[in-house]
Number of protein chains: 4
Amino acid sequence: MRVAIVGATGIAGQQFIDALRHHPWFEITALAASERSAGRSYGEALRDAKSGAVRWWCAEAPPAEVTRLPVVAGSDFDASSVDVVFSAIESEPARELEARWAVVRPVFSTASAYRYEEDVPLLIPGVNLAHAPLLRAQQKRRGWRGFVAPIPNCTTTGLAIALAPLHRRARVEKVAMTSMQGISGAGRSPGVVALDILDNVVPYIPGEEEKVAKETAKILGTLGNEAIDPAPIVVSATCTRAAVLEGHTEAVSVALARPCSPEEAAAIMREYVGGIEELPSAPRHMLTVHDDPFRPQPRLDRDADGGMTTSVGRLRPDALWTHGLRFVLVSHNTKFGAAKGAVLLAEALRRDGYL
Amino acid sequence: MRVAIVGATGIAGQQFIDALRHHPWFEITALAASERSAGRSYGEALRDAKSGAVRWWCAEAPPAEVTRLPVVAGSDFDASSVDVVFSAIESEPARELEARWAVVRPVFSTASAYRYEEDVPLLIPGVNLAHAPLLRAQQKRRGWRGFVAPIPNCTTTGLAIALAPLHRRARVEKVAMTSMQGISGAGRSPGVVALDILDNVVPYIPGEEEKVAKETAKILGTLGNEAIDPAPIVVSATCTRAAVLEGHTEAVSVALARPCSPEEAAAIMREYVGGIEELPSAPRHMLTVHDDPFRPQPRLDRDADGGMTTSVGRLRPDALWTHGLRFVLVSHNTKFGAAKGAVLLAEALRRDGYL
Amino acid sequence: MRVAIVGATGIAGQQFIDALRHHPWFEITALAASERSAGRSYGEALRDAKSGAVRWWCAEAPPAEVTRLPVVAGSDFDASSVDVVFSAIESEPARELEARWAVVRPVFSTASAYRYEEDVPLLIPGVNLAHAPLLRAQQKRRGWRGFVAPIPNCTTTGLAIALAPLHRRARVEKVAMTSMQGISGAGRSPGVVALDILDNVVPYIPGEEEKVAKETAKILGTLGNEAIDPAPIVVSATCTRAAVLEGHTEAVSVALARPCSPEEAAAIMREYVGGIEELPSAPRHMLTVHDDPFRPQPRLDRDADGGMTTSVGRLRPDALWTHGLRFVLVSHNTKFGAAKGAVLLAEALRRDGYL
Amino acid sequence: MRVAIVGATGIAGQQFIDALRHHPWFEITALAASERSAGRSYGEALRDAKSGAVRWWCAEAPPAEVTRLPVVAGSDFDASSVDVVFSAIESEPARELEARWAVVRPVFSTASAYRYEEDVPLLIPGVNLAHAPLLRAQQKRRGWRGFVAPIPNCTTTGLAIALAPLHRRARVEKVAMTSMQGISGAGRSPGVVALDILDNVVPYIPGEEEKVAKETAKILGTLGNEAIDPAPIVVSATCTRAAVLEGHTEAVSVALARPCSPEEAAAIMREYVGGIEELPSAPRHMLTVHDDPFRPQPRLDRDADGGMTTSVGRLRPDALWTHGLRFVLVSHNTKFGAAKGAVLLAEALRRDGYL
């Protein structure tokens, strides 16, 4: 399948290029970015003419065949030239542009523009693909041949994955969460300024806490009549930024409706099968559970299983609640939490006949 | 008053020397440390013979008159040669040595050895000096002329100070807390190893969470018959280490027995008077409340008011509880949370006639 | 004297406000910044309306009387309303604006716009105030009542101060220098991006190496006929950015024309008197020399003497040259290397009758 | 071939285990470490009984078959039970123990104990395998059936590799080098303490500069009569520690005997063939040359080609010398600079008939 990446020069767009390296099903055939990059090859667009710097932030260099592709302006991009669109643009332009592309093609997006629309599911492969039929309703209602399938906020993703098996077993009622988020989640123009974060913690990320609360309830909800009924879970989050490059660490306290010991929790987390194991970008395990109390750590665990497993540790009872659990998780914010997660979603929906 | 510092070459001991610089009441007249340093001047003891390095970690160099003092071995130290002992030794040797010194002199200690004894109050000036009379019971029961007055764990201190006015107003029932602690709290032999913390968060500090829970309840408790009745507060903590030099950041969620809006909470925090304002090491305010949602930050706020105020921000309702509040605090772990806090306690007890 | 700060909301401008706190001679009476800030009070201009963040980066909050001052647009600023102008604007607009202000008033600038003009000295108090008479030639030639007095690049400043006494004693011929520069030198909009510098070194700072070479030769040169004859010193620099908040560290290798042992070098550095000791912002010593081989370190030494002394250590012979020396220096890039250095220069020129 | 790793629980030993993962020629069949670990399985030896922490610092977990191996005390280790010994012990015990093992088996060592012995070559595959015959002389002279083959200091390795083609082309005469070294080079017990390096640069690493000077001359020397004639190169180094996890960055200035433009230098570096390309651990290129002036950077370039290529950038003329060049290099200190480099050396010597 021919795929386009829109917002291709930004950090999120680059991560799409990285996530699609050697992909067995998807081939990048079109790239779009800002007006400034339009008309140049991708390789030229990455190079800053004045300083000579190459603005590429993934570990491995971009594939040569991608650097030769021409870049068009996002506003001029013709979605019908490809089979699938991966959108890494900001939420404000996403509102209009993603709708335009969705008229003809499926759009997988890291932007928040459509996440909270009634006819838009917030899909995490392995967690709530049962919500995917809502895409059909979306197409029908909006008269689109394609659809918009946004992925959740990177901070929500790991939390929802860790809560999913607990919710199934013992019903999650309340969640207190404090995140210590990596700086790559903020993008790079300018993203987090070094003077703000070195030897520091920043205790606020605008809008993040509301997103986590709303999205977690939607993801763990049930598919109703042309909409998702959110799960009745109160999520109270404090989202902070830490001096960590990548990987979001979250300290989680959960109130459950029914008893679940730490040992049981560890067991159901370890046994948690997402039903996506055979997909190219899927992890071997949705969750990895550590016994070493010093784990998970973002630097040591973010890249486990290609950045696609959520690592959990420090499982213990929580005396705050009648049936309480506490744990710490680490999730890779720019792998499962962003581009690679969107690619995995596209894989799942292709398998399930939506593409 | 003549004071001794025991454990004088370690980082905590150095902070005592720093905290007593130009002190109007206390003069350092004796220093004790490990066998290895004994018999040398303090200046010599700080210098590593092999590499030439001077092992001193405070911003300002040690006073010349202190570097000239001789160092004796902690086990040989004669407490009767001074009026007050400040102890910065490890908890294990503290068990025996602090008891020996307390026979003749008051001992102020950063060690945890005596914190949980029935006849030992855990005093924070401005919070619970009403527990000080328990020291008299301690003296009587143990037959000591002096006493042991340990200060709380550095992570407890800021939390207890922030909770104190809320507890008075609306009764604190439950506390969920996640800390992101500075590395200086771990001391320096070896303390936190750089390979463990750069670009990382470590989600576990052995023993810390239990200390915070137990100590908070004791500090906010009431003085009963020769013991403290702990406050019935459930504290559920996750203590993590962050890539921050100094300052502990804590994300706190509080369940209150009675309503208290964020505005009221901010007001009572701002008006909180500890009754210690005139003491040499006291802050102007026990608590500093920020409106800027990006504050407090450890690097920007740890040194406020000489490291002796606890900075609070992000005050907001917490939907987890009927009467809930959330906030973030920053407290200086090696100022109010360690040596300088112990000096402030000594000042308060001197004013109140205990020395 | 009434002083204005232009570029007052940026990080360099804020450092001027910080450097002038409680100043005995200069009072801030006017502030100018970008169009966006114009028409608001300084306190309002610092506050981001959308997020509520206060954009202030110095340790101590701005003085209340300064936050109440109105901000005018830099292009509308009338220099005749003050006695002295401190300019913290970018080099491009500085070209035109500083010339406009210099028609009527002395302008002290951190911008590089005028540094390399023939009739503009590059003054460092304590090093080359003998070049100050060139300001008279500048006034005459340009028909200005004021003048433009730029300070050198922050990386040049510490190097020139350390070389000055060696040059006087033994004539410096060649200098190989590698800098490891703090991130605050890059300003803050956006300055250094955290993703670029955490766990990293960036081996290039555009333009920096040429500036250091040219400026060092000019500063150590001699005042000729209406111009400076640069000293015949070859400076070969590699300027890198390190994960350090403030303070520039420089590893220096010097070829001298005449013998000078490390001991002699240490002695002449320690005895180096700049003739500015009585000025309000001057350090007690131009240079501080360390014997501890692990010093100087930017975090420990940048703030020595109010950030106004240059710390030197690791003085040793350098076998590369017939008469060679090697050493490491640390200089505070935003104190002596920027605003506070410009204030010190204004103090020196006032004393010497130029204001 | 059966190989043993001695010093297996330390960070350097772990890197040997990592470097030998899936190795086609070498199989780990024996492990030795300190007395404390002896008698336990390797997996048990890694686990701290008290805290539950697993002390393993490589990205991927140790192979299951290795964790099951028993650990013997280094002093009891019988070298004749294997074919090759990889030694990751400290230099002091290495003196005696490596000699004991070399009586019967080849020993490849990261320790400095034997580096400066007359009959010991300091081999870097791709650079000076022509010195290998000295091992035969060593065997003869000492009556050993095996030999000791130490690898150079990690800071020397990258420098020697970058200088090698320049030396061949234009004869290197003088080198001024400033290193900014990653913290992993210091090992981990305790290694670099976080309080010393966060927001800092440490300008001294004891012994390092002398090693770099001596070893570079030896490596680039010529094999004479039962000894190496060191190359007449003056190396003047300043070695500093930076807040970088892994990767040593070195700013290098080179005086050449003959002209060599930056373009020529880049060309000969790019064309540099080490003659080891077919070995399992060899890089595709000894040197990678960057045109982007912001490269190489340790975080971006240390892992290039499996951590086995040396990355060079910022090639430019150096006005300090008649024929001068300046450049910056990044080399992976714990890959080519340590365990993996030693494994590559063993591969080369096996190919060449020494094992």
# chains A, B, ... in the order shown; residues from 1 in each chain; ligands from 1
$ calpha_fit_rmsd --fixed "chain B" --moving "chain A"
0.0 Å
$ interface_residues --of "chain B" --to "chain C" --cutoff "6 Å" --atoms "only C-alpha atoms" --output "NGL selection string"
:B and (52-53 or 292)
$ write_last_selection --atoms "C-alpha atoms" --output "PDB file, in the first residue's frame"
ATOM      1  CA  GLY B  52      44.814  16.281  45.548  1.00  0.00           C
ATOM      2  CA  ALA B  53      41.049  16.704  45.367  1.00  0.00           C
ATOM      3  CA  ASP B 292       2.079  30.532  37.884  1.00  0.00           C
TER       4      ASP B 292
END
$ residues_around --residues "Thr288 in chain D" --least-positions-apart "3" --cutoff "10 Å" --atoms "only C-alpha atoms" --output "mmCIF file with all heavy atoms, in the first residue's frame"
data_model
loop_
_atom_site.group_PDB
_atom_site.id
_atom_site.type_symbol
_atom_site.label_atom_id
_atom_site.label_comp_id
_atom_site.auth_asym_id
_atom_site.auth_seq_id
_atom_site.Cartn_x
_atom_site.Cartn_y
_atom_site.Cartn_z
ATOM 1 N N ALA D 162 41.766 7.765 14.214
ATOM 2 C CA ALA D 162 41.621 8.947 13.357
ATOM 3 C C ALA D 162 42.970 9.444 12.855
ATOM 4 O O ALA D 162 43.094 9.943 11.733
ATOM 5 C CB ALA D 162 40.891 10.050 14.112
ATOM 6 N N ALA D 266 39.531 14.269 4.544
ATOM 7 C CA ALA D 266 38.235 13.598 4.539
ATOM 8 C C ALA D 266 38.278 12.404 3.595
ATOM 9 O O ALA D 266 37.762 11.318 3.904
ATOM 10 C CB ALA D 266 37.138 14.577 4.129
ATOM 11 N N MET D 269 40.367 9.547 4.998
ATOM 12 C CA MET D 269 39.645 8.941 6.139
ATOM 13 C C MET D 269 38.505 8.063 5.631
ATOM 14 O O MET D 269 38.283 6.965 6.138
ATOM 15 C CB MET D 269 39.104 10.033 7.063
ATOM 16 C CG MET D 269 40.177 10.671 7.940
ATOM 17 S SD MET D 269 39.454 11.981 8.986
ATOM 18 C CE MET D 269 40.787 12.247 10.170
ATOM 19 N N ARG D 270 37.795 8.571 4.632
ATOM 20 C CA ARG D 270 36.671 7.780 4.106
ATOM 21 C C ARG D 270 37.164 6.514 3.404
ATOM 22 O O ARG D 270 36.470 5.496 3.387
ATOM 23 C CB ARG D 270 35.859 8.620 3.114
ATOM 24 C CG ARG D 270 35.005 9.674 3.791
ATOM 25 C CD ARG D 270 33.975 10.262 2.842
ATOM 26 N NE ARG D 270 32.999 11.070 3.583
ATOM 27 C CZ ARG D 270 32.925 12.402 3.563
ATOM 28 N NH1 ARG D 270 33.752 13.109 2.788
ATOM 29 N NH2 ARG D 270 32.015 13.030 4.273
ATOM 30 N N GLU D 271 38.336 6.599 2.795
ATOM 31 C CA GLU D 271 38.860 5.449 2.059
ATOM 32 C C GLU D 271 39.665 4.490 2.941
ATOM 33 O O GLU D 271 40.154 3.462 2.476
ATOM 34 C CB GLU D 271 39.780 5.944 0.929
ATOM 35 C CG GLU D 271 39.038 6.676 -0.166
ATOM 36 C CD GLU D 271 39.962 7.649 -0.897
ATOM 37 O OE1 GLU D 271 41.198 7.601 -0.661
ATOM 38 O OE2 GLU D 271 39.441 8.456 -1.688
ATOM 39 N N TYR D 272 39.815 4.862 4.175
ATOM 40 C CA TYR D 272 40.664 4.093 5.088
ATOM 41 C C TYR D 272 40.107 2.668 5.276
ATOM 42 O O TYR D 272 39.023 2.478 5.824
ATOM 43 C CB TYR D 272 40.740 4.830 6.409
ATOM 44 C CG TYR D 272 41.496 4.157 7.526
ATOM 45 C CD1 TYR D 272 42.422 3.135 7.311
ATOM 46 C CD2 TYR D 272 41.303 4.589 8.839
ATOM 47 C CE1 TYR D 272 43.106 2.553 8.362
ATOM 48 C CE2 TYR D 272 42.000 4.019 9.902
ATOM 49 C CZ TYR D 272 42.888 2.994 9.655
ATOM 50 O OH TYR D 272 43.567 2.425 10.705
ATOM 51 N N ARG D 284 31.891 -1.563 9.210
ATOM 52 C CA ARG D 284 32.045 -1.476 7.752
ATOM 53 C C ARG D 284 33.141 -0.490 7.390
ATOM 54 O O ARG D 284 33.854 -0.652 6.438
ATOM 55 C CB ARG D 284 30.719 -1.052 7.115
ATOM 56 C CG ARG D 284 29.670 -2.162 7.108
ATOM 57 C CD ARG D 284 28.307 -1.590 6.813
ATOM 58 N NE ARG D 284 27.945 -0.607 7.835
ATOM 59 C CZ ARG D 284 26.896 0.206 7.787
ATOM 60 N NH1 ARG D 284 26.103 0.184 6.727
ATOM 61 N NH2 ARG D 284 26.641 1.057 8.764
ATOM 62 N N HIS D 285 33.257 0.573 8.196
ATOM 63 C CA HIS D 285 34.273 1.595 7.945
ATOM 64 C C HIS D 285 34.997 1.905 9.246
ATOM 65 O O HIS D 285 34.355 2.061 10.282
ATOM 66 C CB HIS D 285 33.629 2.891 7.437
ATOM 67 C CG HIS D 285 32.788 2.700 6.232
ATOM 68 N ND1 HIS D 285 33.303 2.546 4.974
ATOM 69 C CD2 HIS D 285 31.443 2.597 6.092
ATOM 70 C CE1 HIS D 285 32.321 2.368 4.105
ATOM 71 N NE2 HIS D 285 31.174 2.389 4.761
ATOM 72 N N PRO D 296 30.389 15.205 14.625
ATOM 73 C CA PRO D 296 29.677 14.152 15.353
ATOM 74 C C PRO D 296 29.242 14.620 16.742
ATOM 75 O O PRO D 296 29.859 15.503 17.334
ATOM 76 C CB PRO D 296 30.751 13.073 15.488
ATOM 77 C CG PRO D 296 32.030 13.835 15.565
ATOM 78 C CD PRO D 296 31.846 15.044 14.695
ATOM 79 N N ASP D 301 26.044 9.661 17.477
ATOM 80 C CA ASP D 301 27.009 8.935 16.658
ATOM 81 C C ASP D 301 27.736 7.796 17.360
ATOM 82 O O ASP D 301 28.394 6.992 16.704
ATOM 83 C CB ASP D 301 28.022 9.938 16.065
ATOM 84 C CG ASP D 301 27.331 10.894 15.106
ATOM 85 O OD1 ASP D 301 26.655 10.386 14.187
ATOM 86 O OD2 ASP D 301 27.403 12.110 15.278
ATOM 87 N N ALA D 304 26.908 4.305 15.977
ATOM 88 C CA ALA D 304 27.015 4.044 14.547
ATOM 89 C C ALA D 304 27.833 2.781 14.307
ATOM 90 O O ALA D 304 28.844 2.553 14.970
ATOM 91 C CB ALA D 304 27.667 5.244 13.846
ATOM 92 N N ASP D 305 27.356 1.949 13.381
ATOM 93 C CA ASP D 305 28.076 0.733 13.014
ATOM 94 C C ASP D 305 28.375 -0.130 14.245
ATOM 95 O O ASP D 305 29.486 -0.650 14.413
ATOM 96 C CB ASP D 305 29.391 1.120 12.317
ATOM 97 C CG ASP D 305 29.559 0.351 11.005
ATOM 98 O OD1 ASP D 305 28.846 -0.641 10.787
ATOM 99 O OD2 ASP D 305 30.407 0.756 10.203
ATOM 100 N N THR D 309 32.609 2.224 14.672
ATOM 101 C CA THR D 309 33.247 3.178 13.766
ATOM 102 C C THR D 309 33.588 4.427 14.573
ATOM 103 O O THR D 309 32.929 4.729 15.569
ATOM 104 C CB THR D 309 32.330 3.544 12.576
ATOM 105 O OG1 THR D 309 33.104 4.250 11.596
ATOM 106 C CG2 THR D 309 31.169 4.430 13.006
ATOM 107 N N THR D 310 34.639 5.113 14.180
ATOM 108 C CA THR D 310 34.978 6.385 14.802
ATOM 109 C C THR D 310 34.441 7.484 13.891
ATOM 110 O O THR D 310 34.729 7.497 12.697
ATOM 111 C CB THR D 310 36.506 6.493 14.976
ATOM 112 O OG1 THR D 310 36.937 5.444 15.858
ATOM 113 C CG2 THR D 310 36.913 7.832 15.562
ATOM 114 N N SER D 311 33.636 8.373 14.462
ATOM 115 C CA SER D 311 32.992 9.421 13.667
ATOM 116 C C SER D 311 33.789 10.712 13.747
ATOM 117 O O SER D 311 34.140 11.161 14.840
ATOM 118 C CB SER D 311 31.568 9.668 14.173
ATOM 119 O OG SER D 311 30.786 8.505 13.990
ATOM 120 N N VAL D 312 34.044 11.305 12.596
ATOM 121 C CA VAL D 312 34.857 12.514 12.513
ATOM 122 C C VAL D 312 34.058 13.613 11.824
ATOM 123 O O VAL D 312 33.259 13.338 10.929
ATOM 124 C CB VAL D 312 36.147 12.226 11.716
ATOM 125 C CG1 VAL D 312 36.907 13.509 11.385
ATOM 126 C CG2 VAL D 312 37.040 11.268 12.502
ATOM 127 N N GLY D 313 34.237 14.836 12.288
ATOM 128 C CA GLY D 313 33.583 15.958 11.638
ATOM 129 C C GLY D 313 34.361 17.231 11.880
ATOM 130 O O GLY D 313 35.402 17.230 12.533
ATOM 131 N N LEU D 329 36.178 14.245 16.960
ATOM 132 C CA LEU D 329 35.824 12.842 16.773
ATOM 133 C C LEU D 329 34.951 12.360 17.925
ATOM 134 O O LEU D 329 34.997 12.900 19.028
ATOM 135 C CB LEU D 329 37.069 11.965 16.638
ATOM 136 C CG LEU D 329 37.957 11.719 17.862
ATOM 137 C CD1 LEU D 329 37.432 10.549 18.723
ATOM 138 C CD2 LEU D 329 39.377 11.418 17.420
ATOM 139 N N VAL D 330 34.151 11.356 17.620
ATOM 140 C CA VAL D 330 33.395 10.647 18.656
ATOM 141 C C VAL D 330 33.671 9.159 18.514
ATOM 142 O O VAL D 330 33.625 8.605 17.406
ATOM 143 C CB VAL D 330 31.878 10.899 18.530
ATOM 144 C CG1 VAL D 330 31.080 9.871 19.341
ATOM 145 C CG2 VAL D 330 31.533 12.297 19.004
#
$ residues_around --residues "range 241-245 of chain A" --least-positions-apart "4" --cutoff "8 Å" --atoms "only C-alpha atoms" --output "PDB file with N, CA, C and O atoms, in the first residue's frame"
ATOM      1  N   SER A 179       2.742  11.705  36.259  1.00  0.00           N
ATOM      2  CA  SER A 179       3.668  11.336  35.191  1.00  0.00           C
ATOM      3  C   SER A 179       4.949  12.144  35.289  1.00  0.00           C
ATOM      4  O   SER A 179       4.961  13.275  35.767  1.00  0.00           O
ATOM      5  N   MET A 180       6.037  11.523  34.845  1.00  0.00           N
ATOM      6  CA  MET A 180       7.327  12.188  34.680  1.00  0.00           C
ATOM      7  C   MET A 180       7.695  11.945  33.227  1.00  0.00           C
ATOM      8  O   MET A 180       8.194  10.888  32.878  1.00  0.00           O
ATOM      9  N   GLN A 181       7.386  12.925  32.380  1.00  0.00           N
ATOM     10  CA  GLN A 181       7.400  12.686  30.945  1.00  0.00           C
ATOM     11  C   GLN A 181       8.703  13.094  30.269  1.00  0.00           C
ATOM     12  O   GLN A 181       9.326  14.086  30.641  1.00  0.00           O
ATOM     13  N   GLY A 182       9.074  12.319  29.285  1.00  0.00           N
ATOM     14  CA  GLY A 182      10.264  12.615  28.501  1.00  0.00           C
ATOM     15  C   GLY A 182      10.060  13.853  27.652  1.00  0.00           C
ATOM     16  O   GLY A 182       8.937  14.210  27.297  1.00  0.00           O
ATOM     17  N   ILE A 183      11.165  14.503  27.294  1.00  0.00           N
ATOM     18  CA  ILE A 183      11.061  15.774  26.575  1.00  0.00           C
ATOM     19  C   ILE A 183      10.711  15.597  25.112  1.00  0.00           C
ATOM     20  O   ILE A 183      10.216  16.519  24.478  1.00  0.00           O
ATOM     21  N   SER A 184      10.927  14.411  24.564  1.00  0.00           N
ATOM     22  CA  SER A 184      10.638  14.263  23.134  1.00  0.00           C
ATOM     23  C   SER A 184       9.144  14.373  22.863  1.00  0.00           C
ATOM     24  O   SER A 184       8.735  14.669  21.751  1.00  0.00           O
ATOM     25  N   ILE A 197      14.784  22.634  31.712  1.00  0.00           N
ATOM     26  CA  ILE A 197      14.629  21.263  32.195  1.00  0.00           C
ATOM     27  C   ILE A 197      15.890  20.666  32.805  1.00  0.00           C
ATOM     28  O   ILE A 197      15.798  19.722  33.603  1.00  0.00           O
ATOM     29  N   LEU A 198      17.059  21.184  32.470  1.00  0.00           N
ATOM     30  CA  LEU A 198      18.289  20.633  33.066  1.00  0.00           C
ATOM     31  C   LEU A 198      18.263  20.875  34.575  1.00  0.00           C
ATOM     32  O   LEU A 198      17.994  21.986  35.019  1.00  0.00           O
ATOM     33  N   ASP A 199      18.573  19.834  35.370  1.00  0.00           N
ATOM     34  CA  ASP A 199      18.556  19.959  36.826  1.00  0.00           C
ATOM     35  C   ASP A 199      17.192  20.449  37.301  1.00  0.00           C
ATOM     36  O   ASP A 199      17.089  21.299  38.170  1.00  0.00           O
ATOM     37  N   ASN A 200      16.106  19.911  36.723  1.00  0.00           N
ATOM     38  CA  ASN A 200      14.795  20.457  37.042  1.00  0.00           C
ATOM     39  C   ASN A 200      13.670  19.458  36.765  1.00  0.00           C
ATOM     40  O   ASN A 200      13.876  18.424  36.109  1.00  0.00           O
ATOM     41  N   VAL A 201      12.509  19.791  37.286  1.00  0.00           N
ATOM     42  CA  VAL A 201      11.250  19.137  36.952  1.00  0.00           C
ATOM     43  C   VAL A 201      10.265  20.265  36.685  1.00  0.00           C
ATOM     44  O   VAL A 201      10.243  21.243  37.441  1.00  0.00           O
ATOM     45  N   VAL A 202       9.486  20.169  35.623  1.00  0.00           N
ATOM     46  CA  VAL A 202       8.472  21.197  35.348  1.00  0.00           C
ATOM     47  C   VAL A 202       7.107  20.573  35.656  1.00  0.00           C
ATOM     48  O   VAL A 202       6.745  19.564  35.048  1.00  0.00           O
ATOM     49  N   PRO A 203       6.354  21.163  36.591  1.00  0.00           N
ATOM     50  CA  PRO A 203       5.194  20.446  37.134  1.00  0.00           C
ATOM     51  C   PRO A 203       3.904  20.627  36.339  1.00  0.00           C
ATOM     52  O   PRO A 203       2.834  20.374  36.874  1.00  0.00           O
ATOM     53  N   TYR A 204       3.987  21.060  35.111  1.00  0.00           N
ATOM     54  CA  TYR A 204       2.749  21.366  34.375  1.00  0.00           C
ATOM     55  C   TYR A 204       2.977  21.193  32.880  1.00  0.00           C
ATOM     56  O   TYR A 204       3.979  21.662  32.344  1.00  0.00           O
ATOM     57  N   ILE A 205       2.044  20.527  32.229  1.00  0.00           N
ATOM     58  CA  ILE A 205       2.035  20.407  30.771  1.00  0.00           C
ATOM     59  C   ILE A 205       0.620  20.775  30.342  1.00  0.00           C
ATOM     60  O   ILE A 205      -0.313  20.002  30.569  1.00  0.00           O
ATOM     61  N   PRO A 298      12.907   4.680  32.652  1.00  0.00           N
ATOM     62  CA  PRO A 298      12.721   5.053  31.241  1.00  0.00           C
ATOM     63  C   PRO A 298      13.938   4.736  30.372  1.00  0.00           C
ATOM     64  O   PRO A 298      13.784   4.223  29.268  1.00  0.00           O
ATOM     65  N   ARG A 299      15.141   5.008  30.860  1.00  0.00           N
ATOM     66  CA  ARG A 299      16.292   4.790  29.979  1.00  0.00           C
ATOM     67  C   ARG A 299      16.532   3.311  29.709  1.00  0.00           C
ATOM     68  O   ARG A 299      16.946   2.919  28.636  1.00  0.00           O
TER      69      ARG A 299
ATOM     70  N   LEU B 198      21.311   9.816  34.869  1.00  0.00           N
ATOM     71  CA  LEU B 198      21.308  10.702  33.699  1.00  0.00           C
ATOM     72  C   LEU B 198      20.289  10.174  32.690  1.00  0.00           C
ATOM     73  O   LEU B 198      20.292   8.987  32.381  1.00  0.00           O
ATOM     74  N   ASP B 199      19.450  11.064  32.160  1.00  0.00           N
ATOM     75  CA  ASP B 199      18.412  10.659  31.203  1.00  0.00           C
ATOM     76  C   ASP B 199      17.533   9.557  31.791  1.00  0.00           C
ATOM     77  O   ASP B 199      17.208   8.582  31.122  1.00  0.00           O
ATOM     78  N   ASN B 200      17.157   9.704  33.069  1.00  0.00           N
ATOM     79  CA  ASN B 200      16.452   8.605  33.705  1.00  0.00           C
ATOM     80  C   ASN B 200      15.635   9.061  34.907  1.00  0.00           C
ATOM     81  O   ASN B 200      15.778  10.188  35.385  1.00  0.00           O
ATOM     82  N   VAL B 201      14.769   8.174  35.348  1.00  0.00           N
ATOM     83  CA  VAL B 201      14.060   8.290  36.614  1.00  0.00           C
ATOM     84  C   VAL B 201      14.204   6.923  37.281  1.00  0.00           C
ATOM     85  O   VAL B 201      14.050   5.902  36.609  1.00  0.00           O
ATOM     86  N   ALA B 242      15.007  11.644  40.641  1.00  0.00           N
ATOM     87  CA  ALA B 242      15.059  12.339  39.351  1.00  0.00           C
ATOM     88  C   ALA B 242      16.440  12.945  39.128  1.00  0.00           C
ATOM     89  O   ALA B 242      17.236  13.043  40.051  1.00  0.00           O
ATOM     90  N   ALA B 243      16.711  13.347  37.914  1.00  0.00           N
ATOM     91  CA  ALA B 243      17.999  13.945  37.568  1.00  0.00           C
ATOM     92  C   ALA B 243      18.010  15.417  37.980  1.00  0.00           C
ATOM     93  O   ALA B 243      18.099  16.328  37.155  1.00  0.00           O
TER      94      ALA B 243
ATOM     95  N   LEU C 195      16.314  18.480  23.602  1.00  0.00           N
ATOM     96  CA  LEU C 195      16.563  17.239  22.862  1.00  0.00           C
ATOM     97  C   LEU C 195      17.959  17.228  22.234  1.00  0.00           C
ATOM     98  O   LEU C 195      18.481  16.176  21.895  1.00  0.00           O
ATOM     99  N   LEU C 198      20.808  17.102  26.068  1.00  0.00           N
ATOM    100  CA  LEU C 198      20.798  16.122  27.166  1.00  0.00           C
ATOM    101  C   LEU C 198      21.619  14.904  26.745  1.00  0.00           C
ATOM    102  O   LEU C 198      21.406  14.378  25.651  1.00  0.00           O
TER     103      LEU C 198
END
$ atom_distance --atom1 "CA of Ala113 in chain A" --atom2 "CA of Lys50 in chain C"
19.1 Å
$ residues_around --residues "Leu344 in chain D" --least-positions-apart "5" --cutoff "9 Å" --atoms "only C-alpha atoms" --output "list in words"
Ile124, Pro125, Ile276, Leu279, Pro280, Ser281, Ala282, Phe336, Ala339 and Leu349 of chain D
$ closest_residue --among "C:Ser80, C:Ala38, C:Leu287, C:Leu220" --to "Ile268 in chain C" --atoms "only C-alpha atoms"
C:Leu287
